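Just target28.pdb here, PDB, N, CA and C atoms:
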ATOM      1  N   MET A   1     123.260 124.409 107.293
ATOM      2  CA  MET A   1     122.478 124.064 106.136
ATOM      3  C   MET A   1     123.248 123.124 105.215
ATOM      4  N   LYS A   2     124.572 123.294 105.123
ATOM      5  CA  LYS A   2     125.372 122.392 104.302
ATOM      6  C   LYS A   2     125.282 120.971 104.837
ATOM      7  N   PHE A   3     125.305 120.834 106.133
ATOM      8  CA  PHE A   3     125.214 119.510 106.757
ATOM      9  C   PHE A   3     123.866 118.864 106.451
ATOM     10  N   ALA A   4     122.793 119.649 106.488
ATOM     11  CA  ALA A   4     121.455 119.128 106.175
ATOM     12  C   ALA A   4     121.378 118.688 104.717
ATOM     13  N   PHE A   5     121.948 119.463 103.814
ATOM     14  CA  PHE A   5     121.942 119.077 102.408
ATOM     15  C   PHE A   5     122.784 117.825 102.171
ATOM     16  N   PHE A   6     123.864 117.681 102.926
ATOM     17  CA  PHE A   6     124.698 116.484 102.805
ATOM     18  C   PHE A   6     123.890 115.246 103.174
ATOM     19  N   TYR A   7     123.196 115.290 104.282
ATOM     20  CA  TYR A   7     122.399 114.136 104.693
ATOM     21  C   TYR A   7     121.201 113.927 103.780
ATOM     22  N   LEU A   8     120.607 114.994 103.301
ATOM     23  CA  LEU A   8     119.504 114.868 102.365
ATOM     24  C   LEU A   8     119.977 114.194 101.079
ATOM     25  N   ALA A   9     121.145 114.577 100.587
ATOM     26  CA  ALA A   9     121.698 113.945  99.385
ATOM     27  C   ALA A   9     122.007 112.479  99.638
ATOM     28  N   GLU A  10     122.462 112.154 100.828
ATOM     29  CA  GLU A  10     122.760 110.760 101.156
ATOM     30  C   GLU A  10     121.491 109.905 101.150
ATOM     31  N   TYR A  11     120.426 110.415 101.712
ATOM     32  CA  TYR A  11     119.170 109.659 101.733
ATOM     33  C   TYR A  11     118.516 109.611 100.361
ATOM     34  N   ILE A  12     118.658 110.651  99.570
ATOM     35  CA  ILE A  12     118.155 110.603  98.193
ATOM     36  C   ILE A  12     118.941 109.583  97.391
ATOM     37  N   ASN A  13     120.237 109.482  97.634
ATOM     38  CA  ASN A  13     121.052 108.477  96.971
ATOM     39  C   ASN A  13     120.567 107.077  97.340
ATOM     40  N   MET A  14     120.241 106.840  98.597
ATOM     41  CA  MET A  14     119.715 105.536  98.999
ATOM     42  C   MET A  14     118.409 105.239  98.284
ATOM     43  N   LEU A  15     117.555 106.244  98.138
ATOM     44  CA  LEU A  15     116.280 106.062  97.454
ATOM     45  C   LEU A  15     116.494 105.734  95.975
ATOM     46  N   VAL A  16     117.402 106.449  95.324
ATOM     47  CA  VAL A  16     117.663 106.230  93.901
ATOM     48  C   VAL A  16     118.284 104.862  93.678
ATOM     49  N   VAL A  17     119.264 104.484  94.477
ATOM     50  CA  VAL A  17     119.913 103.179  94.324
ATOM     51  C   VAL A  17     118.914 102.055  94.580
ATOM     52  N   SER A  18     118.072 102.195  95.590
ATOM     53  CA  SER A  18     117.058 101.183  95.874
ATOM     54  C   SER A  18     116.050 101.090  94.743
ATOM     55  N   SER A  19     115.644 102.223  94.202
ATOM     56  CA  SER A  19     114.696 102.213  93.088
ATOM     57  C   SER A  19     115.289 101.548  91.858
ATOM     58  N   LEU A  20     116.527 101.859  91.545
ATOM     59  CA  LEU A  20     117.168 101.236  90.388
ATOM     60  C   LEU A  20     117.375  99.745  90.590
ATOM     61  N   ALA A  21     117.717  99.336  91.798
ATOM     62  CA  ALA A  21     117.868  97.902  92.069
ATOM     63  C   ALA A  21     116.546  97.172  91.895
ATOM     64  N   VAL A  22     115.462  97.774  92.344
ATOM     65  CA  VAL A  22     114.138  97.156  92.183
ATOM     66  C   VAL A  22     113.759  97.096  90.707
ATOM     67  N   ILE A  23     114.002  98.153  89.970
ATOM     68  CA  ILE A  23     113.641  98.176  88.554
ATOM     69  C   ILE A  23     114.475  97.173  87.766
ATOM     70  N   PHE A  24     115.783  97.144  87.987
ATOM     71  CA  PHE A  24     116.656  96.302  87.186
ATOM     72  C   PHE A  24     116.629  94.833  87.572
ATOM     73  N   PHE A  25     116.521  94.530  88.866
ATOM     74  CA  PHE A  25     116.731  93.164  89.317
ATOM     75  C   PHE A  25     115.530  92.490  89.979
ATOM     76  N   PHE A  26     114.520  93.233  90.393
ATOM     77  CA  PHE A  26     113.435  92.633  91.169
ATOM     78  C   PHE A  26     112.054  92.902  90.593
ATOM     79  N   GLY A  27     111.962  93.071  89.298
ATOM     80  CA  GLY A  27     110.670  93.130  88.648
ATOM     81  C   GLY A  27     109.948  94.447  88.712
ATOM     82  N   GLY A  28     110.531  95.452  89.285
ATOM     83  CA  GLY A  28     109.906  96.773  89.310
ATOM     84  C   GLY A  28     108.541  96.760  89.968
ATOM     85  N   TRP A  29     107.510  97.064  89.204
ATOM     86  CA  TRP A  29     106.160  97.203  89.732
ATOM     87  C   TRP A  29     105.384  95.891  89.709
ATOM     88  N   LEU A  30     105.995  94.804  89.218
ATOM     89  CA  LEU A  30     105.293  93.526  89.157
ATOM     90  C   LEU A  30     105.215  92.881  90.531
ATOM     91  N   ARG A  31     104.187  92.065  90.727
ATOM     92  CA  ARG A  31     104.063  91.320  91.980
ATOM     93  C   ARG A  31     105.161  90.260  92.045
ATOM     94  N   PRO A  32     105.422  89.708  93.219
ATOM     95  CA  PRO A  32     106.424  88.645  93.315
ATOM     96  C   PRO A  32     105.980  87.414  92.524
ATOM     97  N   PHE A  33     106.890  86.822  91.794
ATOM     98  CA  PHE A  33     106.661  85.625  90.985
ATOM     99  C   PHE A  33     105.458  85.804  90.057
ATOM    100  N   PRO A  34     105.561  86.698  89.081
ATOM    101  CA  PRO A  34     104.402  86.989  88.227
ATOM    102  C   PRO A  34     103.988  85.823  87.329
ATOM    103  N   ASN A  35     104.841  84.826  87.126
ATOM    104  CA  ASN A  35     104.500  83.707  86.259
ATOM    105  C   ASN A  35     103.795  82.581  86.994
ATOM    106  N   VAL A  36     103.687  82.663  88.306
ATOM    107  CA  VAL A  36     103.039  81.620  89.087
ATOM    108  C   VAL A  36     101.552  81.929  89.167
ATOM    109  N   GLU A  37     100.725  81.043  88.606
ATOM    110  CA  GLU A  37      99.279  81.277  88.566
ATOM    111  C   GLU A  37      98.639  81.191  89.949
ATOM    112  N   PHE A  38      99.237  80.426  90.845
ATOM    113  CA  PHE A  38      98.692  80.271  92.191
ATOM    114  C   PHE A  38      98.665  81.601  92.946
ATOM    115  N   LEU A  39      99.581  82.501  92.600
ATOM    116  CA  LEU A  39      99.666  83.798  93.274
ATOM    117  C   LEU A  39      98.925  84.897  92.528
ATOM    118  N   ALA A  40      98.006  84.533  91.659
ATOM    119  CA  ALA A  40      97.287  85.529  90.860
ATOM    120  C   ALA A  40      96.432  86.455  91.720
ATOM    121  N   PHE A  41      96.055  86.011  92.919
ATOM    122  CA  PHE A  41      95.266  86.875  93.796
ATOM    123  C   PHE A  41      96.046  88.117  94.227
ATOM    124  N   LEU A  42      97.374  88.081  94.099
ATOM    125  CA  LEU A  42      98.187  89.247  94.457
ATOM    126  C   LEU A  42      98.051  90.383  93.442
ATOM    127  N   ASP A  43      97.410  90.105  92.298
ATOM    128  CA  ASP A  43      97.195  91.169  91.312
ATOM    129  C   ASP A  43      96.179  92.194  91.783
ATOM    130  N   LEU A  44      95.479  91.910  92.869
ATOM    131  CA  LEU A  44      94.532  92.884  93.414
ATOM    132  C   LEU A  44      95.236  94.104  93.995
ATOM    133  N   VAL A  45      96.483  93.919  94.398
ATOM    134  CA  VAL A  45      97.270  95.031  94.941
ATOM    135  C   VAL A  45      97.781  95.865  93.765
ATOM    136  N   PRO A  46      97.585  97.183  93.783
ATOM    137  CA  PRO A  46      98.056  98.029  92.675
ATOM    138  C   PRO A  46      99.580  97.966  92.526
ATOM    139  N   PRO A  47     100.057  98.094  91.290
ATOM    140  CA  PRO A  47     101.500  97.956  91.037
ATOM    141  C   PRO A  47     102.380  98.939  91.800
ATOM    142  N   PHE A  48     101.901 100.184  92.018
ATOM    143  CA  PHE A  48     102.775 101.146  92.706
ATOM    144  C   PHE A  48     103.010 100.743  94.158
ATOM    145  N   PHE A  49     102.079  99.992  94.764
ATOM    146  CA  PHE A  49     102.323  99.486  96.114
ATOM    147  C   PHE A  49     103.430  98.442  96.111
ATOM    148  N   TRP A  50     103.450  97.597  95.071
ATOM    149  CA  TRP A  50     104.538  96.610  94.976
ATOM    150  C   TRP A  50     105.873  97.312  94.823
ATOM    151  N   PHE A  51     105.906  98.323  93.962
ATOM    152  CA  PHE A  51     107.161  99.050  93.743
ATOM    153  C   PHE A  51     107.632  99.731  95.023
ATOM    154  N   TYR A  52     106.746 100.477  95.675
ATOM    155  CA  TYR A  52     107.148 101.182  96.892
ATOM    156  C   TYR A  52     107.492 100.216  98.016
ATOM    157  N   GLY A  53     106.795  99.095  98.086
ATOM    158  CA  GLY A  53     107.123  98.092  99.101
ATOM    159  C   GLY A  53     108.510  97.512  98.902
ATOM    160  N   LYS A  54     108.842  97.210  97.648
ATOM    161  CA  LYS A  54     110.182  96.688  97.361
ATOM    162  C   LYS A  54     111.261  97.732  97.639
ATOM    163  N   VAL A  55     110.985  98.978  97.259
ATOM    164  CA  VAL A  55     111.958 100.047  97.509
ATOM    165  C   VAL A  55     112.152 100.236  99.008
ATOM    166  N   LEU A  56     111.073 100.230  99.769
ATOM    167  CA  LEU A  56     111.197 100.372 101.226
ATOM    168  C   LEU A  56     111.943  99.197 101.840
ATOM    169  N   ALA A  57     111.744  98.006 101.304
ATOM    170  CA  ALA A  57     112.487  96.847 101.798
ATOM    171  C   ALA A  57     113.985  97.019 101.536
ATOM    172  N   PHE A  58     114.336  97.526 100.358
ATOM    173  CA  PHE A  58     115.750  97.758 100.057
ATOM    174  C   PHE A  58     116.341  98.844 100.939
ATOM    175  N   ILE A  59     115.589  99.910 101.166
ATOM    176  CA  ILE A  59     116.083 100.973 102.038
ATOM    177  C   ILE A  59     116.273 100.440 103.456
ATOM    178  N   PHE A  60     115.338  99.609 103.918
ATOM    179  CA  PHE A  60     115.470  98.998 105.237
ATOM    180  C   PHE A  60     116.751  98.173 105.330
ATOM    181  N   VAL A  61     117.008  97.339 104.331
ATOM    182  CA  VAL A  61     118.222  96.508 104.332
ATOM    183  C   VAL A  61     119.468  97.387 104.241
ATOM    184  N   TYR A  62     119.397  98.444 103.447
ATOM    185  CA  TYR A  62     120.519  99.373 103.287
ATOM    186  C   TYR A  62     120.878 100.004 104.640
ATOM    187  N   ILE A  63     119.884 100.535 105.334
ATOM    188  CA  ILE A  63     120.123 101.170 106.635
ATOM    189  C   ILE A  63     120.535 100.139 107.669
ATOM    190  N   TRP A  64     119.942  98.973 107.608
ATOM    191  CA  TRP A  64     120.276  97.892 108.543
ATOM    192  C   TRP A  64     121.743  97.489 108.394
ATOM    193  N   PHE A  65     122.207  97.303 107.168
ATOM    194  CA  PHE A  65     123.614  96.936 106.949
ATOM    195  C   PHE A  65     124.550  98.040 107.412
ATOM    196  N   ARG A  66     124.206  99.275 107.108
ATOM    197  CA  ARG A  66     125.080 100.380 107.511
ATOM    198  C   ARG A  66     125.160 100.529 109.020
ATOM    199  N   GLY A  67     124.079 100.212 109.704
ATOM    200  CA  GLY A  67     124.091 100.313 111.159
ATOM    201  C   GLY A  67     124.715  99.114 111.841
ATOM    202  N   THR A  68     124.751  97.971 111.144
ATOM    203  CA  THR A  68     125.230  96.738 111.760
ATOM    204  C   THR A  68     126.729  96.543 111.586
ATOM    205  N   PHE A  69     127.209  96.743 110.374
ATOM    206  CA  PHE A  69     128.609  96.455 110.087
ATOM    207  C   PHE A  69     129.485  97.654 110.394
ATOM    208  N   PRO A  70     130.709  97.399 110.835
ATOM    209  CA  PRO A  70     131.612  98.519 111.139
ATOM    210  C   PRO A  70     132.070  99.205 109.860
ATOM    211  N   ARG A  71     132.448 100.452 110.014
ATOM    212  CA  ARG A  71     132.981 101.175 108.868
ATOM    213  C   ARG A  71     134.461 100.839 108.719
ATOM    214  N   TYR A  72     134.860 100.681 107.476
ATOM    215  CA  TYR A  72     136.253 100.408 107.181
ATOM    216  C   TYR A  72     136.955 101.702 106.784
ATOM    217  N   ARG A  73     138.213 101.806 107.178
ATOM    218  CA  ARG A  73     139.025 102.920 106.710
ATOM    219  C   ARG A  73     139.452 102.636 105.275
ATOM    220  N   PHE A  74     139.920 103.670 104.577
ATOM    221  CA  PHE A  74     140.300 103.490 103.180
ATOM    222  C   PHE A  74     141.461 102.522 103.042
ATOM    223  N   ASP A  75     142.406 102.551 103.963
ATOM    224  CA  ASP A  75     143.538 101.621 103.867
ATOM    225  C   ASP A  75     143.069 100.179 104.067
ATOM    226  N   GLN A  76     142.062  99.974 104.918
ATOM    227  CA  GLN A  76     141.532  98.627 105.099
ATOM    228  C   GLN A  76     140.793  98.162 103.851
ATOM    229  N   LEU A  77     140.042  99.065 103.218
ATOM    230  CA  LEU A  77     139.356  98.707 101.981
ATOM    231  C   LEU A  77     140.352  98.370 100.872
ATOM    232  N   MET A  78     141.420  99.129 100.787
ATOM    233  CA  MET A  78     142.446  98.849  99.776
ATOM    234  C   MET A  78     143.107  97.501 100.041
ATOM    235  N   GLN A  79     143.360  97.196 101.303
ATOM    236  CA  GLN A  79     143.962  95.915 101.658
ATOM    237  C   GLN A  79     143.034  94.751 101.290
ATOM    238  N   ILE A  80     141.742  94.895 101.573
ATOM    239  CA  ILE A  80     140.781  93.852 101.201
ATOM    240  C   ILE A  80     140.744  93.696  99.687
ATOM    241  N   GLY A  81     140.736  94.820  98.974
ATOM    242  CA  GLY A  81     140.668  94.766  97.518
ATOM    243  C   GLY A  81     141.879  94.108  96.892
ATOM    244  N   TRP A  82     143.080  94.490  97.334
ATOM    245  CA  TRP A  82     144.287  93.961  96.709
ATOM    246  C   TRP A  82     144.628  92.561  97.179
ATOM    247  N   LYS A  83     144.440  92.268  98.454
ATOM    248  CA  LYS A  83     144.878  90.972  98.981
ATOM    249  C   LYS A  83     143.852  89.870  98.812
ATOM    250  N   TRP A  84     142.570  90.221  98.746
ATOM    251  CA  TRP A  84     141.533  89.182  98.706
ATOM    252  C   TRP A  84     140.682  89.235  97.454
ATOM    253  N   LEU A  85     140.132  90.387  97.126
ATOM    254  CA  LEU A  85     139.175  90.453  96.032
ATOM    255  C   LEU A  85     139.823  90.318  94.658
ATOM    256  N   LEU A  86     140.993  90.922  94.457
ATOM    257  CA  LEU A  86     141.668  90.792  93.164
ATOM    258  C   LEU A  86     142.089  89.353  92.886
ATOM    259  N   PRO A  87     142.754  88.644  93.823
ATOM    260  CA  PRO A  87     143.058  87.232  93.556
ATOM    261  C   PRO A  87     141.802  86.373  93.386
ATOM    262  N   LEU A  88     140.763  86.684  94.138
ATOM    263  CA  LEU A  88     139.513  85.937  94.000
ATOM    264  C   LEU A  88     138.893  86.151  92.624
ATOM    265  N   SER A  89     138.914  87.380  92.137
ATOM    266  CA  SER A  89     138.353  87.652  90.814
ATOM    267  C   SER A  89     139.191  87.008  89.713
ATOM    268  N   LEU A  90     140.518  87.004  89.861
ATOM    269  CA  LEU A  90     141.359  86.333  88.868
ATOM    270  C   LEU A  90     141.131  84.825  88.883
ATOM    271  N   ALA A  91     140.976  84.239  90.063
ATOM    272  CA  ALA A  91     140.665  82.811  90.149
ATOM    273  C   ALA A  91     139.303  82.524  89.522
ATOM    274  N   ASN A  92     138.356  83.421  89.681
ATOM    275  CA  ASN A  92     137.050  83.256  89.061
ATOM    276  C   ASN A  92     137.149  83.288  87.537
ATOM    277  N   VAL A  93     137.933  84.214  87.000
ATOM    278  CA  VAL A  93     138.125  84.286  85.547
ATOM    279  C   VAL A  93     138.758  83.001  85.030
ATOM    280  N   VAL A  94     139.772  82.494  85.722
ATOM    281  CA  VAL A  94     140.426  81.253  85.310
ATOM    282  C   VAL A  94     139.458  80.082  85.394
ATOM    283  N   ALA A  95     138.658  80.007  86.453
ATOM    284  CA  ALA A  95     137.697  78.906  86.608
ATOM    285  C   ALA A  95     136.646  78.941  85.507
ATOM    286  N   VAL A  96     136.154  80.120  85.161
ATOM    287  CA  VAL A  96     135.164  80.233  84.092
ATOM    288  C   VAL A  96     135.794  79.854  82.753
ATOM    289  N   ALA A  97     137.016  80.298  82.510
ATOM    290  CA  ALA A  97     137.693  79.953  81.257
ATOM    291  C   ALA A  97     137.906  78.448  81.152
ATOM    292  N   LEU A  98     138.325  77.818  82.238
ATOM    293  CA  LEU A  98     138.500  76.366  82.224
ATOM    294  C   LEU A  98     137.162  75.650  82.043
ATOM    295  N   GLY A  99     136.114  76.157  82.681
ATOM    296  CA  GLY A  99     134.799  75.549  82.525
ATOM    297  C   GLY A  99     134.303  75.651  81.084
ATOM    298  N   VAL A 100     134.491  76.794  80.460
ATOM    299  CA  VAL A 100     134.073  76.956  79.072
ATOM    300  C   VAL A 100     134.903  76.059  78.176
ATOM    301  N   LEU A 101     136.192  75.982  78.429
ATOM    302  CA  LEU A 101     137.081  75.146  77.617
ATOM    303  C   LEU A 101     136.718  73.678  77.737
ATOM    304  N   LEU A 102     136.416  73.228  78.942
ATOM    305  CA  LEU A 102     136.090  71.823  79.162
ATOM    306  C   LEU A 102     134.703  71.476  78.619
ATOM    307  N   LEU A 103     133.763  72.394  78.691
ATOM    308  CA  LEU A 103     132.423  72.120  78.203
ATOM    309  C   LEU A 103     132.341  72.128  76.679
ATOM    310  N   LYS A 104     133.161  72.933  76.025
ATOM    311  CA  LYS A 104     133.153  72.966  74.557
ATOM    312  C   LYS A 104     133.962  71.829  73.976
ATOM    313  N   GLY A 105     134.966  71.358  74.707
ATOM    314  CA  GLY A 105     135.860  70.335  74.169
ATOM    315  C   GLY A 105     135.296  69.000  74.331
TER     316      GLY A 105
END
Rendering of file as structure tokens:
Amino acid sequence: MKFAFFYLAEYINMLVVSSLAVIFFFGGWLRPFPNVEFLAFLDLVPPFFWFYGKVLAFIFVYIWFRGTFPRYRFDQLMQIGWKWLLPLSLANVVAVALGVLLLKG
């Protein structure tokens, strides 16, 4: 039963993360491109179908990525973080600072 609850919690987590991603970044219950008048015929579809469709699309991509890409060990993740992502993020901060400095000056 513990194993079943573990997997149930994992799938509920996927549902919650997908729902929050749709709400925060993809318009929630709105149709795609709500400001485009040419697509006004899409308003015939009820909003909850748009929301559930987007959530299902995110869950599909979530499961697809997990099944496609290999799992990394913690030491490999730490190596990627320290050797690649940290220098990349610092270079990004420097590039943004230089861009702001050059655009204001």
Residue nearest Val55 of chain A among A:Leu102, A:Ala97, A:Ile23, A:Ala4 (counting all atoms listed in the file):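 Going through A:Leu102, A:Ala97, A:Ile23, A:Ala4 one by one, the smallest distance to Val55 of chain A is for A:Ile23.
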Evaluate the PyMOL selection byres ((chain A and resi 31) around 7) and report residues as a list in words: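 Evaluating the PyMOL selection byres ((chain A and resi 31) around 7) on these coordinates yields Gly27, Gly28, Trp29, Leu30, Pro32, Phe33, Pro34, Leu42, Asp43, Pro47 and Trp50 of chain A.
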Distance of atom C of Asp75 of chain A from atom N of Leu88 of chain A, expressed in Å to one decimal place: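 Here the two named atoms are 16.9 Å from each other.
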Ser19 of chain A environment, 9 Å, only C-alpha atoms, sequence neighbours closer than 5 positions dropped, as a PyMOL selection string: chain A and resi 14+24+28+51-52+54-55+58
Taking N, CA and C atoms for each residue, export the selection above as a PDB file, keeping the file's coordinate frame.
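That gives us selection-v3.pdb:
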ATOM      1  N   MET A  14     120.241 106.840  98.597  1.00  0.00           N
ATOM      2  CA  MET A  14     119.715 105.536  98.999  1.00  0.00           C
ATOM      3  C   MET A  14     118.409 105.239  98.284  1.00  0.00           C
ATOM      4  N   PHE A  24     115.783  97.144  87.987  1.00  0.00           N
ATOM      5  CA  PHE A  24     116.656  96.302  87.186  1.00  0.00           C
ATOM      6  C   PHE A  24     116.629  94.833  87.572  1.00  0.00           C
ATOM      7  N   GLY A  28     110.531  95.452  89.285  1.00  0.00           N
ATOM      8  CA  GLY A  28     109.906  96.773  89.310  1.00  0.00           C
ATOM      9  C   GLY A  28     108.541  96.760  89.968  1.00  0.00           C
ATOM     10  N   PHE A  51     105.906  98.323  93.962  1.00  0.00           N
ATOM     11  CA  PHE A  51     107.161  99.050  93.743  1.00  0.00           C
ATOM     12  C   PHE A  51     107.632  99.731  95.023  1.00  0.00           C
ATOM     13  N   TYR A  52     106.746 100.477  95.675  1.00  0.00           N
ATOM     14  CA  TYR A  52     107.148 101.182  96.892  1.00  0.00           C
ATOM     15  C   TYR A  52     107.492 100.216  98.016  1.00  0.00           C
ATOM     16  N   LYS A  54     108.842  97.210  97.648  1.00  0.00           N
ATOM     17  CA  LYS A  54     110.182  96.688  97.361  1.00  0.00           C
ATOM     18  C   LYS A  54     111.261  97.732  97.639  1.00  0.00           C
ATOM     19  N   VAL A  55     110.985  98.978  97.259  1.00  0.00           N
ATOM     20  CA  VAL A  55     111.958 100.047  97.509  1.00  0.00           C
ATOM     21  C   VAL A  55     112.152 100.236  99.008  1.00  0.00           C
ATOM     22  N   PHE A  58     114.336  97.526 100.358  1.00  0.00           N
ATOM     23  CA  PHE A  58     115.750  97.758 100.057  1.00  0.00           C
ATOM     24  C   PHE A  58     116.341  98.844 100.939  1.00  0.00           C
TER      25      PHE A  58
END
Length of the atom N of Gly99 of chain A to atom C of Pro87 of chain A vector [Å]: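 Value for the atom N of Gly99 of chain A-atom C of Pro87 of chain A distance: 15.9 Å.
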Residues of chain A in alpha helix (DSSP H), written as a ChimeraX atom specification: /A:2-25,47-68,74-80,86-104
Between atom CA of Phe3 of chain A and atom CA of Ala21 of chain A, distance in Å (one decimal): 27.1 Å
Using only C-alpha atoms: which of A:Phe26, A:Tyr11, A:Phe38, A:Trp82 has the shortest distance to Gly53 of chain A: A:Phe26
Segment 8-23 of chain A: axis-aligned bounding box, 5 Å on each side, centre and edge lengths in Å, one decimal, as AutoDock Vina command-line options:
--center_x 118.2 --center_y 106.0 --center_z 95.5 --size_x 19.1 --size_y 27.9 --size_z 25.5
